[in-house]
$ cat start.cif   # mmCIF, C-alpha atoms
data_start
loop_
_atom_site.group_PDB
_atom_site.id
_atom_site.type_symbol
_atom_site.label_atom_id
_atom_site.label_comp_id
_atom_site.auth_asym_id
_atom_site.auth_seq_id
_atom_site.Cartn_x
_atom_site.Cartn_y
_atom_site.Cartn_z
ATOM 1 C CA MET A 1 -60.880 -24.874 -66.198
ATOM 2 C CA ARG A 2 -61.865 -22.838 -69.240
ATOM 3 C CA ARG A 3 -64.270 -19.972 -68.989
ATOM 4 C CA ARG A 4 -66.023 -18.383 -71.908
ATOM 5 C CA SER A 5 -67.907 -15.167 -71.490
ATOM 6 C CA CYS A 6 -70.239 -13.519 -73.949
ATOM 7 C CA ALA A 7 -70.932 -10.601 -71.624
ATOM 8 C CA ALA A 8 -68.759 -7.515 -71.768
ATOM 9 C CA PRO A 9 -65.494 -8.829 -70.192
ATOM 10 C CA LEU A 10 -63.244 -6.985 -67.784
ATOM 11 C CA PRO A 11 -60.226 -5.477 -69.484
ATOM 12 C CA LEU A 12 -57.777 -8.253 -70.306
ATOM 13 C CA LEU A 13 -55.062 -7.129 -67.904
ATOM 14 C CA LEU A 14 -57.466 -6.911 -64.975
ATOM 15 C CA ALA A 15 -58.865 -10.337 -65.760
ATOM 16 C CA LEU A 16 -55.371 -11.751 -66.162
ATOM 17 C CA ALA A 17 -54.279 -10.193 -62.871
ATOM 18 C CA LEU A 18 -57.253 -11.803 -61.138
ATOM 19 C CA LEU A 19 -56.437 -15.155 -62.708
ATOM 20 C CA VAL A 20 -52.811 -15.203 -61.697
ATOM 21 C CA ALA A 21 -53.583 -13.838 -58.234
ATOM 22 C CA CYS A 22 -55.460 -17.053 -57.518
ATOM 23 C CA SER A 23 -52.751 -19.539 -58.459
ATOM 24 C CA PRO A 24 -49.179 -19.099 -59.695
ATOM 25 C CA THR A 25 -46.828 -16.358 -58.642
ATOM 26 C CA VAL A 26 -45.994 -13.829 -61.319
ATOM 27 C CA ALA A 27 -42.251 -13.344 -61.649
ATOM 28 C CA GLN A 28 -39.998 -10.631 -63.009
ATOM 29 C CA ILE A 29 -37.682 -11.488 -65.849
ATOM 30 C CA LEU A 30 -34.197 -10.435 -64.809
ATOM 31 C CA ASN A 31 -32.186 -10.375 -68.029
ATOM 32 C CA PRO A 32 -34.467 -9.534 -70.979
ATOM 33 C CA GLY A 33 -31.601 -7.809 -72.781
ATOM 34 C CA TYR A 34 -29.274 -10.843 -72.847
ATOM 35 C CA PRO A 35 -29.020 -12.410 -76.327
ATOM 36 C CA ARG A 36 -29.663 -15.995 -75.145
ATOM 37 C CA CYS A 37 -32.724 -14.905 -73.171
ATOM 38 C CA GLN A 38 -34.024 -12.838 -76.101
ATOM 39 C CA LYS A 39 -33.671 -15.835 -78.411
ATOM 40 C CA SER A 40 -35.606 -18.053 -75.969
ATOM 41 C CA MET A 41 -38.353 -15.469 -75.545
ATOM 42 C CA ARG A 42 -38.649 -14.898 -79.303
ATOM 43 C CA GLU A 43 -39.080 -18.625 -79.900
ATOM 44 C CA ALA A 44 -41.518 -19.023 -76.989
ATOM 45 C CA PHE A 45 -43.741 -16.128 -78.057
ATOM 46 C CA ALA A 46 -43.782 -17.282 -81.694
ATOM 47 C CA ILE A 47 -44.661 -20.880 -80.751
ATOM 48 C CA THR A 48 -47.474 -19.847 -78.416
ATOM 49 C CA LEU A 49 -48.926 -17.389 -80.942
ATOM 50 C CA VAL A 50 -48.852 -19.907 -83.794
ATOM 51 C CA GLY A 51 -50.566 -22.331 -81.410
ATOM 52 C CA GLN A 52 -53.435 -19.843 -81.149
ATOM 53 C CA GLY A 53 -53.820 -19.612 -84.932
ATOM 54 C CA GLU A 54 -51.578 -16.665 -85.798
ATOM 55 C CA SER A 55 -49.622 -17.050 -89.030
ATOM 56 C CA ASP A 56 -45.886 -17.702 -88.800
ATOM 57 C CA ALA A 57 -45.122 -14.234 -90.188
ATOM 58 C CA VAL A 58 -47.412 -12.426 -87.718
ATOM 59 C CA ALA A 59 -46.197 -14.556 -84.807
ATOM 60 C CA GLU A 60 -42.537 -13.855 -85.602
ATOM 61 C CA LYS A 61 -43.175 -10.114 -85.976
ATOM 62 C CA LEU A 62 -45.125 -9.929 -82.700
ATOM 63 C CA ALA A 63 -42.478 -12.020 -80.929
ATOM 64 C CA ASP A 64 -39.692 -9.723 -82.127
ATOM 65 C CA GLU A 65 -41.596 -6.557 -81.160
ATOM 66 C CA THR A 66 -42.487 -7.962 -77.736
ATOM 67 C CA VAL A 67 -38.931 -9.061 -76.958
ATOM 68 C CA ARG A 68 -37.596 -5.630 -77.930
ATOM 69 C CA ALA A 69 -40.226 -3.911 -75.772
ATOM 70 C CA LEU A 70 -39.428 -6.143 -72.788
ATOM 71 C CA ALA A 71 -35.710 -5.376 -73.143
ATOM 72 C CA ASP A 72 -36.421 -1.627 -73.116
ATOM 73 C CA ALA A 73 -38.997 -1.519 -70.293
ATOM 74 C CA GLU A 74 -38.922 -2.273 -66.578
ATOM 75 C CA LEU A 75 -41.992 -4.498 -66.473
ATOM 76 C CA GLY A 76 -41.520 -5.818 -62.958
ATOM 77 C CA ALA A 77 -43.523 -8.833 -61.842
ATOM 78 C CA LYS A 78 -46.711 -8.056 -63.769
ATOM 79 C CA PRO A 79 -48.868 -9.766 -66.353
ATOM 80 C CA PHE A 80 -48.804 -8.131 -69.767
ATOM 81 C CA LYS A 81 -50.614 -8.358 -73.067
ATOM 82 C CA VAL A 82 -49.562 -8.754 -76.663
ATOM 83 C CA THR A 83 -51.973 -7.439 -79.289
ATOM 84 C CA SER A 84 -52.130 -8.947 -82.764
ATOM 85 C CA PRO A 85 -53.048 -7.012 -85.923
ATOM 86 C CA SER A 86 -56.098 -9.311 -86.023
ATOM 87 C CA GLY A 87 -57.349 -7.637 -82.826
ATOM 88 C CA ALA A 88 -56.718 -10.636 -80.586
ATOM 89 C CA GLN A 89 -55.087 -9.837 -77.254
ATOM 90 C CA TYR A 90 -52.956 -12.454 -75.540
ATOM 91 C CA GLY A 91 -52.335 -12.290 -71.796
ATOM 92 C CA TYR A 92 -48.913 -13.480 -70.625
ATOM 93 C CA PHE A 93 -46.794 -13.556 -67.507
ATOM 94 C CA PHE A 94 -43.481 -15.000 -66.389
ATOM 95 C CA GLU A 95 -43.263 -17.564 -63.603
ATOM 96 C CA ARG A 96 -40.303 -19.017 -61.777
ATOM 97 C CA GLU A 97 -40.583 -22.757 -61.293
ATOM 98 C CA ASP A 98 -37.721 -24.389 -59.427
ATOM 99 C CA ASP A 99 -34.595 -23.097 -61.168
ATOM 100 C CA ARG A 100 -36.178 -22.130 -64.457
ATOM 101 C CA CYS A 101 -38.181 -19.288 -65.913
ATOM 102 C CA LEU A 102 -41.426 -19.993 -67.769
ATOM 103 C CA LEU A 103 -43.543 -17.953 -70.148
ATOM 104 C CA ARG A 104 -47.243 -18.601 -69.520
ATOM 105 C CA MET A 105 -50.139 -17.616 -71.764
ATOM 106 C CA ALA A 106 -53.194 -17.498 -69.532
ATOM 107 C CA ALA A 107 -55.778 -15.580 -71.556
ATOM 108 C CA VAL A 108 -56.896 -14.736 -75.070
ATOM 109 C CA GLN A 109 -59.475 -12.105 -75.874
ATOM 110 C CA VAL A 110 -61.006 -11.609 -79.309
ATOM 111 C CA GLY A 111 -63.660 -8.933 -79.344
ATOM 112 C CA ILE A 112 -65.937 -9.674 -76.410
ATOM 113 C CA LEU A 113 -65.018 -13.375 -76.209
ATOM 114 C CA GLN A 114 -62.399 -14.145 -73.579
ATOM 115 C CA VAL A 115 -60.852 -17.556 -72.956
ATOM 116 C CA SER A 116 -58.675 -18.077 -69.913
ATOM 117 C CA ASP A 117 -57.112 -20.980 -68.064
ATOM 118 C CA ASN A 118 -55.088 -20.503 -64.899
ATOM 119 C CA VAL A 119 -54.858 -24.184 -64.036
ATOM 120 C CA ARG A 120 -53.316 -25.752 -67.129
ATOM 121 C CA PHE A 121 -52.727 -22.488 -69.025
ATOM 122 C CA LEU A 122 -53.311 -22.000 -72.717
ATOM 123 C CA ALA A 123 -49.593 -22.356 -73.388
ATOM 124 C CA THR A 124 -46.381 -22.649 -71.377
ATOM 125 C CA ARG A 125 -42.819 -22.470 -72.687
ATOM 126 C CA PRO A 126 -39.524 -22.697 -70.807
ATOM 127 C CA LEU A 127 -37.078 -19.827 -71.262
ATOM 128 C CA PRO A 128 -33.525 -21.209 -71.174
ATOM 129 C CA GLY A 129 -31.039 -18.419 -70.658
ATOM 130 C CA CYS A 130 -33.545 -16.227 -68.816
ATOM 131 C CA GLY A 131 -33.623 -15.612 -65.110
ATOM 132 C CA CYS A 132 -36.773 -14.908 -63.095
ATOM 133 C CA ARG A 133 -37.392 -13.578 -59.608
ATOM 134 C CA GLN A 134 -40.696 -13.879 -57.733
#
$ encode --input "start.cif" --output "structure tokens"
Amino acid sequence: MRRRSCAAPLPLLLALALLVACSPTVAQILNPGYPRCQKSMREAFAITLVGQGESDAVAEKLADETVRALADAELGAKPFKVTSPSGAQYGYFFEREDDRCLLRMAAVQVGILQVSDNVRFLATRPLPGCGCRQ
């Protein structure tokens, strides 16, 4: 179900946390520093960002920056956002499904317009080489 809001939205992370609290379980990525996992994440972020209208160059730069940040930080099992130079904010989280780790984009916010989908998600990509723990 898609929801569009023209009223002043909750901050993206709060809204994303509420979305994922109602359906899937947010997982922690276990090996964000491993080369194979980094490659999978880079590709997944770039594909999902291009799918939302970001240029290839911007998507690749954001993907690289995000993967480096995830390798350096202890995120835990939390949703997180990626902010584009265009001002768009993308809400992501990791989910463990069976034996694989998935990257899910569940929200996009541009200005005061927020689009979210916690049933089908805006984008989902598998992350071969990455491990997740609920």
$ closest_residue --input "start.cif" --among "A:Arg133, A:Lys81, A:Lys61, A:Arg125" --to "Asp98 (chain A)" --atoms "only C-alpha atoms"
A:Arg133
$ residues_around --input "start.cif" --residues "Ile29 (chain A)" --least-positions-apart "5" --cutoff "12 Å" --atoms "all atoms listed in the file" --output "PyMOL selection string"
chain A and resi 34+37-38+41+67+70-71+73-79+93-96+100-103+127-134
$ write_last_selection --input "start.cif" --atoms "C-alpha atoms" --output "mmCIF file, in the frame of the given file"
data_model
loop_
_atom_site.group_PDB
_atom_site.id
_atom_site.type_symbol
_atom_site.label_atom_id
_atom_site.label_comp_id
_atom_site.auth_asym_id
_atom_site.auth_seq_id
_atom_site.Cartn_x
_atom_site.Cartn_y
_atom_site.Cartn_z
ATOM 1 C CA TYR A 34 -29.274 -10.843 -72.847
ATOM 2 C CA CYS A 37 -32.724 -14.905 -73.171
ATOM 3 C CA GLN A 38 -34.024 -12.838 -76.101
ATOM 4 C CA MET A 41 -38.353 -15.469 -75.545
ATOM 5 C CA VAL A 67 -38.931 -9.061 -76.958
ATOM 6 C CA LEU A 70 -39.428 -6.143 -72.788
ATOM 7 C CA ALA A 71 -35.710 -5.376 -73.143
ATOM 8 C CA ALA A 73 -38.997 -1.519 -70.293
ATOM 9 C CA GLU A 74 -38.922 -2.273 -66.578
ATOM 10 C CA LEU A 75 -41.992 -4.498 -66.473
ATOM 11 C CA GLY A 76 -41.520 -5.818 -62.958
ATOM 12 C CA ALA A 77 -43.523 -8.833 -61.842
ATOM 13 C CA LYS A 78 -46.711 -8.056 -63.769
ATOM 14 C CA PRO A 79 -48.868 -9.766 -66.353
ATOM 15 C CA PHE A 93 -46.794 -13.556 -67.507
ATOM 16 C CA PHE A 94 -43.481 -15.000 -66.389
ATOM 17 C CA GLU A 95 -43.263 -17.564 -63.603
ATOM 18 C CA ARG A 96 -40.303 -19.017 -61.777
ATOM 19 C CA ARG A 100 -36.178 -22.130 -64.457
ATOM 20 C CA CYS A 101 -38.181 -19.288 -65.913
ATOM 21 C CA LEU A 102 -41.426 -19.993 -67.769
ATOM 22 C CA LEU A 103 -43.543 -17.953 -70.148
ATOM 23 C CA LEU A 127 -37.078 -19.827 -71.262
ATOM 24 C CA PRO A 128 -33.525 -21.209 -71.174
ATOM 25 C CA GLY A 129 -31.039 -18.419 -70.658
ATOM 26 C CA CYS A 130 -33.545 -16.227 -68.816
ATOM 27 C CA GLY A 131 -33.623 -15.612 -65.110
ATOM 28 C CA CYS A 132 -36.773 -14.908 -63.095
ATOM 29 C CA ARG A 133 -37.392 -13.578 -59.608
ATOM 30 C CA GLN A 134 -40.696 -13.879 -57.733
#
$ closest_residue --input "start.cif" --among "A:Ala106, A:Ala63, A:Ala57, A:Ala123" --to "Lys39 (chain A)" --atoms "all atoms listed in the file"
A:Ala63
$ atom_distance --input "start.cif" --atom1 "CA of Gly87 (chain A)" --atom2 "CA of Glu54 (chain A)"
11.1 Å
$ atom_distance --input "start.cif" --atom1 "CA of Asn31 (chain A)" --atom2 "CA of Thr83 (chain A)"
23.0 Å
$ closest_residue --input "start.cif" --among "A:Ser55, A:Ser84, A:Gln28, A:Thr66" --to "Val110 (chain A)" --atoms "only C-alpha atoms"
A:Ser84
$ closest_residue --input "start.cif" --among "A:Pro126, A:Thr25, A:Pro35, A:Leu49" --to "Ala107 (chain A)" --atoms "only C-alpha atoms"
A:Leu49
$ closest_residue --input "start.cif" --among "A:Ile47, A:Gln52, A:Arg42, A:Leu30" --to "Ala88 (chain A)" --atoms "all atoms listed in the file"
A:Gln52
$ atom_distance --input "start.cif" --atom1 "CA of Val50 (chain A)" --atom2 "CA of Leu122 (chain A)"
12.1 Å
$ closest_residue --input "start.cif" --among "A:Val26, A:Gly33, A:Tyr92, A:Thr124" --to "Asp72 (chain A)" --atoms "only C-alpha atoms"
A:Gly33
